[in-house]
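To start, the structure itself, in structure tokens.
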Amino acid sequence: MYKFFFRLVFKRMDPEQAHYTAFRWIRLAARIPVLRTFVAAALAPRYKELRTEALGLRMHGPFGLAAGFDKNAVAIDGMAMLGFDHIEIGTVTGEPQPGNPKQRLFRLVPDRALINRMGFNNEGSSAVAARLASRNPVFRTTVGVNIGKTKVVPEAEAAADYVKSTERLAAHADYLVVNVSSPNTPGLRNLQATESLRPLLTAVREAADRTVTSRRVPLLVKIAPDLADEDVDAVADLAVELGLDGIIATNTTIAREGLRSAPELVAETGGLSGAPLKERSLEVLSRLYARVGTRITLVGVGGVESAEDAWQRILAGATLVQGYSAFIYEGPFYARAIHKGLAARLAASPYATLAEAVGAETRKKAAL
């Protein structure tokens, strides 16, 4: 039904306009008590066997919404209503910014992919912090906050910009993510180099600790799939050294190999997400797990279209899995299908719990 509706309506709309239209519908449904109860019952059934503990948090399951969909924390209950076990909002920057000029979002339907060059369009950390502070949750869910660099801030002053956002947002975050891997903010990916990343993560960690003294706010870093293998290893080693809580692998890619969509679409600049990212993001995830093991939490994202994709991420080393682009193509039953399929795969596996399955395939390969 949704796929027919997508072809009939959404496919004919500007992608960004379609996004905001669907966004409004989700938010509206979440505001109507009887409707949201009905929708949640249909789309967010719970499977006890999928209950997950990660980052010191308990979640209904391992599958969450990646950053980028809800940049300003306006639809947390709506996305929880659709079955996502955690919602990562943002990317939020220190100051509000409109993002890049439109058109800046493109669908590559034959590739089941998106190209975006949104440019961290958001209301800024002060406004988002105020919204989170005033939130009256309808559904219990885990809320991560993804922070990035304001575009006009020079690279040399990036740490101070991240610290500003941390001081405003840490108290309202179940976990924090430092995003240094979007290709749409000039110079941002340079911060992934360990000589830049070390002082940045240290500053954010210190800011979170002095801002929130009643608990430790878990801190993660999100990396690009375009890093060379040795750079992936270097980030993994740095994360362990600094006592980071997790790594999210991976963000969008600037690569364009093997795409079937029209050349004029493929030529658009920005980050590519969706199915073409599947293989590389899984490689990076497996490499990270081989390097860090169980010392930090890994989050797998990139090309997660199905329960099988999510299961492969778990076997490779992910405790948590996220999706976004496939939601655009799969529609409101996306999270439900992931949960149902994961429960079936766990039941058919030799593992008693999801925790036992985490990294099993990577460990098996290492033992050969």
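Ligands are numbered from 1 in the order shown, residues from 1 within each chain, and chains are lettered A, B, ... in the order they appear in the structure tokens.
Using only C-alpha atoms, the residues found no farther than 9 Å from Pro62 (chain A), other than those of its own chain fewer than 2 positions away, are Leu50, Arg51, Thr52, Glu53, Ala54, Met59, His60, Gly64, Phe84, Asp85, His86, Thr319, Leu320, Val321, Gln322, His339 and Leu354 of chain A.
Residues in contact range of Pro332 (chain A), defined as at most 7 Å between only C-alpha atoms, with sequence neighbours fewer than 2 positions away removed, read Leu82, Glu330 and Tyr334 of chain A.
Residues lying within 8 Å of Ala357 (chain A), counting only C-alpha atoms and ignoring same-chain neighbours fewer than 5 positions away, are Ile314, Leu315 and Tyr351 of chain A.
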Would you mind exporting the chosen residues as a short mmCIF file (atom, residue, chain, number, x, y, z; two decimals), in the first residue's frame, restricted to all heavy atoms?
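Generated file (selection.cif):
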```cif
data_model
loop_
_atom_site.label_atom_id
_atom_site.label_comp_id
_atom_site.auth_asym_id
_atom_site.auth_seq_id
_atom_site.Cartn_x
_atom_site.Cartn_y
_atom_site.Cartn_z
N ILE A 314 24.39 -6.65 13.45
CA ILE A 314 24.56 -7.18 14.80
C ILE A 314 25.65 -8.26 14.82
O ILE A 314 26.54 -8.25 15.67
CB ILE A 314 23.22 -7.73 15.33
CG1 ILE A 314 22.26 -6.55 15.60
CG2 ILE A 314 23.41 -8.56 16.60
CD1 ILE A 314 20.82 -6.97 15.82
N LEU A 315 25.61 -9.17 13.87
CA LEU A 315 26.63 -10.22 13.80
C LEU A 315 28.01 -9.64 13.57
O LEU A 315 29.02 -10.20 14.00
CB LEU A 315 26.29 -11.21 12.69
CG LEU A 315 25.03 -12.06 12.88
CD1 LEU A 315 24.81 -12.94 11.66
CD2 LEU A 315 25.12 -12.91 14.15
N TYR A 351 21.98 -18.38 19.19
CA TYR A 351 22.22 -17.43 20.28
C TYR A 351 20.96 -17.26 21.13
O TYR A 351 19.85 -17.12 20.60
CB TYR A 351 22.66 -16.08 19.71
CG TYR A 351 23.73 -16.22 18.67
CD1 TYR A 351 23.47 -15.94 17.32
CD2 TYR A 351 25.00 -16.70 19.00
CE1 TYR A 351 24.44 -16.10 16.35
CE2 TYR A 351 25.98 -16.87 18.04
CZ TYR A 351 25.69 -16.58 16.71
OH TYR A 351 26.66 -16.75 15.75
#
```
Could you list, with a cut-off of 7 Å and counting only C-alpha atoms, the residues of region 89-202 of chain A near region 268-289 of chain A, each shown with its nearest atom pair and the distance in Å rounded to one decimal, rows sorted by chain and ascending number, as JSON lines?
```
{"residue": "A:Asp111", "atom": "CA", "partner": "A:Ala275", "partner_atom": "CA", "distance": 6.7}
{"residue": "A:Arg112", "atom": "CA", "partner": "A:Ala275", "partner_atom": "CA", "distance": 5.8}
{"residue": "A:Ala113", "atom": "CA", "partner": "A:Gly274", "partner_atom": "CA", "distance": 4.3}
{"residue": "A:Leu114", "atom": "CA", "partner": "A:Ser273", "partner_atom": "CA", "distance": 5.3}
{"residue": "A:Ile115", "atom": "CA", "partner": "A:Leu272", "partner_atom": "CA", "distance": 4.5}
{"residue": "A:Asn116", "atom": "CA", "partner": "A:Gly270", "partner_atom": "CA", "distance": 5.1}
{"residue": "A:Arg117", "atom": "CA", "partner": "A:Gly270", "partner_atom": "CA", "distance": 4.4}
{"residue": "A:Pro183", "atom": "CA", "partner": "A:Gly271", "partner_atom": "CA", "distance": 6.0}
{"residue": "A:Asn184", "atom": "CA", "partner": "A:Gly270", "partner_atom": "CA", "distance": 6.1}
```
Grab the residues selected above and save them as a tab-separated table (two decimals), in the first residue's frame with C-alpha atoms.
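The new file result-v7.tsv reads:
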```tsv
chain	number	residue	atom	x	y	z
A	111	ASP	CA	19.41	2.70	-6.38
A	112	ARG	CA	17.10	3.04	-3.36
A	113	ALA	CA	19.32	5.89	-2.29
A	114	LEU	CA	19.34	9.58	-1.45
A	115	ILE	CA	21.84	12.36	-2.07
A	116	ASN	CA	21.64	15.24	0.34
A	117	ARG	CA	23.57	18.43	0.80
A	183	PRO	CA	30.47	15.98	3.66
A	184	ASN	CA	28.20	19.03	3.51
```
**OP:** List every residue of region 43-170 of chain A that DSSP, applied to the backbone of this structure, places in strand (DSSP E or B), and write the result as number ranges by chain.
**Re:** A: 52-54, 57-59, 63-65, 86-93, 97, 105-108, 113-116, 122, 142-148
Subject >> Polymer residues at most 7 Å from Leu220 (chain A), only C-alpha atoms, same-chain spacing of 6 or more positions, as a list of chain:residue names >> reply: A:Leu176, A:Val177, A:Val178, A:Leu244, A:Asp245, A:Gly246, A:Ile247, A:Ile248
Need to verify the contact set: Ala224 (chain A), 12 Å, only C-alpha atoms, exclusion of same-chain residues closer than 3 positions in sequence. Can you return it as an mmCIF file with N, CA and C atoms, in the first residue's frame?
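out05.cif written:
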```cif
data_model
loop_
_atom_site.group_PDB
_atom_site.id
_atom_site.type_symbol
_atom_site.label_atom_id
_atom_site.label_comp_id
_atom_site.auth_asym_id
_atom_site.auth_seq_id
_atom_site.Cartn_x
_atom_site.Cartn_y
_atom_site.Cartn_z
ATOM 1 N N ASN A 179 29.394 14.705 15.516
ATOM 2 C CA ASN A 179 29.371 14.444 14.086
ATOM 3 C C ASN A 179 30.521 15.210 13.427
ATOM 4 N N VAL A 180 31.498 14.486 12.951
ATOM 5 C CA VAL A 180 32.628 15.091 12.237
ATOM 6 C C VAL A 180 32.736 14.495 10.838
ATOM 7 N N SER A 181 31.616 13.953 10.346
ATOM 8 C CA SER A 181 31.722 13.141 9.128
ATOM 9 C C SER A 181 30.753 13.518 8.021
ATOM 10 N N SER A 182 29.961 14.566 8.199
ATOM 11 C CA SER A 182 29.111 14.998 7.094
ATOM 12 C C SER A 182 29.978 15.635 6.006
ATOM 13 N N PRO A 183 29.688 15.347 4.732
ATOM 14 C CA PRO A 183 30.470 15.977 3.664
ATOM 15 C C PRO A 183 29.939 17.350 3.266
ATOM 16 N N LEU A 188 34.635 19.993 7.675
ATOM 17 C CA LEU A 188 34.205 19.184 8.823
ATOM 18 C C LEU A 188 34.940 17.854 8.890
ATOM 19 N N ARG A 189 35.070 17.188 7.754
ATOM 20 C CA ARG A 189 35.687 15.862 7.776
ATOM 21 C C ARG A 189 37.170 15.905 8.144
ATOM 22 N N ASN A 190 37.777 17.082 8.041
ATOM 23 C CA ASN A 190 39.166 17.204 8.486
ATOM 24 C C ASN A 190 39.294 16.933 9.979
ATOM 25 N N LEU A 191 38.203 17.129 10.707
ATOM 26 C CA LEU A 191 38.233 16.927 12.157
ATOM 27 C C LEU A 191 38.313 15.453 12.529
ATOM 28 N N GLN A 192 38.154 14.540 11.547
ATOM 29 C CA GLN A 192 38.285 13.116 11.834
ATOM 30 C C GLN A 192 39.738 12.700 12.025
ATOM 31 N N ALA A 193 40.670 13.511 11.552
ATOM 32 C CA ALA A 193 42.088 13.208 11.778
ATOM 33 C C ALA A 193 42.348 13.203 13.275
ATOM 34 N N VAL A 221 31.126 9.117 18.670
ATOM 35 C CA VAL A 221 31.573 9.865 17.500
ATOM 36 C C VAL A 221 31.060 9.147 16.266
ATOM 37 N N LEU A 227 36.707 6.916 5.084
ATOM 38 C CA LEU A 227 38.007 6.832 5.745
ATOM 39 C C LEU A 227 38.776 5.616 5.238
ATOM 40 N N ALA A 228 40.070 5.774 5.065
ATOM 41 C CA ALA A 228 40.919 4.625 4.763
ATOM 42 C C ALA A 228 40.933 3.682 5.961
ATOM 43 N N ASP A 229 41.208 2.412 5.699
ATOM 44 C CA ASP A 229 41.174 1.424 6.780
ATOM 45 C C ASP A 229 42.077 1.804 7.948
ATOM 46 N N ASP A 231 42.844 4.722 8.931
ATOM 47 C CA ASP A 231 42.233 5.825 9.663
ATOM 48 C C ASP A 231 41.079 5.328 10.532
ATOM 49 N N VAL A 232 40.360 4.325 10.043
ATOM 50 C CA VAL A 232 39.329 3.688 10.866
ATOM 51 C C VAL A 232 39.968 3.098 12.120
ATOM 52 N N VAL A 235 40.917 5.899 14.578
ATOM 53 C CA VAL A 235 39.764 6.416 15.327
ATOM 54 C C VAL A 235 39.346 5.417 16.399
ATOM 55 N N ILE A 247 30.986 4.364 18.883
ATOM 56 C CA ILE A 247 31.262 4.873 17.536
ATOM 57 C C ILE A 247 30.065 4.520 16.663
ATOM 58 N N ILE A 248 29.619 5.482 15.855
ATOM 59 C CA ILE A 248 28.553 5.230 14.895
ATOM 60 C C ILE A 248 29.184 5.094 13.510
ATOM 61 N N ALA A 249 28.928 3.968 12.871
ATOM 62 C CA ALA A 249 29.524 3.685 11.564
ATOM 63 C C ALA A 249 28.397 3.254 10.613
ATOM 64 N N THR A 250 28.076 4.053 9.615
ATOM 65 C CA THR A 250 28.817 5.217 9.158
ATOM 66 C C THR A 250 27.843 6.302 8.705
ATOM 67 N N ASN A 251 28.425 7.467 8.396
ATOM 68 C CA ASN A 251 27.672 8.568 7.814
ATOM 69 C C ASN A 251 27.519 8.331 6.302
ATOM 70 N N THR A 252 27.113 9.366 5.574
ATOM 71 C CA THR A 252 26.963 9.253 4.121
ATOM 72 C C THR A 252 28.325 9.233 3.430
ATOM 73 N N THR A 253 28.318 8.858 2.154
ATOM 74 C CA THR A 253 29.559 8.746 1.394
ATOM 75 C C THR A 253 29.579 9.731 0.227
ATOM 76 N N ILE A 254 30.775 10.103 -0.173
ATOM 77 C CA ILE A 254 30.926 10.928 -1.378
ATOM 78 C C ILE A 254 31.197 10.061 -2.601
ATOM 79 N N ALA A 255 31.320 8.762 -2.408
ATOM 80 C CA ALA A 255 31.562 7.836 -3.520
ATOM 81 C C ALA A 255 30.304 7.712 -4.381
ATOM 82 N N GLY A 271 26.131 14.037 0.218
ATOM 83 C CA GLY A 271 26.351 12.723 0.790
ATOM 84 C C GLY A 271 25.338 11.717 0.262
ATOM 85 N N LEU A 272 25.824 10.572 -0.188
ATOM 86 C CA LEU A 272 24.978 9.493 -0.680
ATOM 87 C C LEU A 272 24.646 8.552 0.471
ATOM 88 N N SER A 273 23.368 8.236 0.624
ATOM 89 C CA SER A 273 22.944 7.291 1.662
ATOM 90 C C SER A 273 22.025 6.255 1.036
ATOM 91 N N LEU A 277 25.378 2.165 0.173
ATOM 92 C CA LEU A 277 26.311 2.312 1.293
ATOM 93 C C LEU A 277 26.476 1.016 2.093
ATOM 94 N N ARG A 280 30.105 -1.059 2.288
ATOM 95 C CA ARG A 280 31.212 -0.373 2.942
ATOM 96 C C ARG A 280 30.917 -0.113 4.418
ATOM 97 N N SER A 281 29.705 0.255 4.739
ATOM 98 C CA SER A 281 29.394 0.521 6.144
ATOM 99 C C SER A 281 29.536 -0.757 6.972
ATOM 100 N N VAL A 284 33.316 -1.342 7.514
ATOM 101 C CA VAL A 284 33.861 -0.464 8.558
ATOM 102 C C VAL A 284 33.443 -0.952 9.936
ATOM 103 N N LEU A 285 32.179 -1.328 10.056
ATOM 104 C CA LEU A 285 31.669 -1.818 11.341
ATOM 105 C C LEU A 285 32.432 -3.060 11.802
ATOM 106 N N GLY A 300 25.561 0.489 14.065
ATOM 107 C CA GLY A 300 25.651 0.258 12.636
ATOM 108 C C GLY A 300 24.562 0.999 11.885
ATOM 109 N N VAL A 301 24.945 1.779 10.889
ATOM 110 C CA VAL A 301 23.980 2.532 10.080
ATOM 111 C C VAL A 301 24.549 2.698 8.676
ATOM 112 N N GLY A 302 23.646 2.707 7.697
ATOM 113 C CA GLY A 302 24.085 2.853 6.305
ATOM 114 C C GLY A 302 23.614 1.677 5.479
#
```
Original post:
If we count only C-alpha atoms, what is near region 205-217 of chain A at a cut-off of 6 Å, once residues fewer than 5 positions away on the same chain are taken out, given as number ranges by chain?
Top reply: A: 167, 170-171, 175
Subject >> Nearest to Ala66 (chain A) by atom-to-atom distance, counting only C-alpha atoms, from A:Thr166, A:Asn146, A:Asn136, A:Thr353 >> reply: A:Asn146
**OP:** Pull the alpha helix (DSSP H) assignments for region 136-344 of chain A out of DSSP run on the backbone, and list those residues as a PyMOL selection string.
**Re:** chain A and resi 158-169+194-211+229-242+263-266+278-292+307-316+325-330+334-344
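Atom pair CA of Tyr20 (chain A) / CA of Gly148 (chain A): separated by 21.9 Å.
Pairwise distance (CA of Phe38 (chain A), CA of Val74 (chain A)) equals 20.7 Å.
The list of residues with at least one atom within 12 Å of Lys151 (chain A), based on only C-alpha atoms and without residues fewer than 6 positions apart in the same chain, reads A:Val92, A:Thr93, A:Gly94, A:Glu95, A:Pro96, A:Gln97, A:Pro98, A:Gly99, A:Asn100, A:Met118, A:Gly119, A:Phe120, A:Asn121, A:Asn122, A:Gly124, A:Glu157, A:Ala158, A:Asp161, A:Tyr162, A:Ser182, A:Pro183, A:Asn184, A:Thr185, A:Pro186, A:Gly187, A:Leu188.
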Subject >> Residue nearest Glu155 (chain A) among A:Gly323, A:Glu241, A:Arg345, A:Leu197 (counting only C-alpha atoms) >> reply: A:Leu197
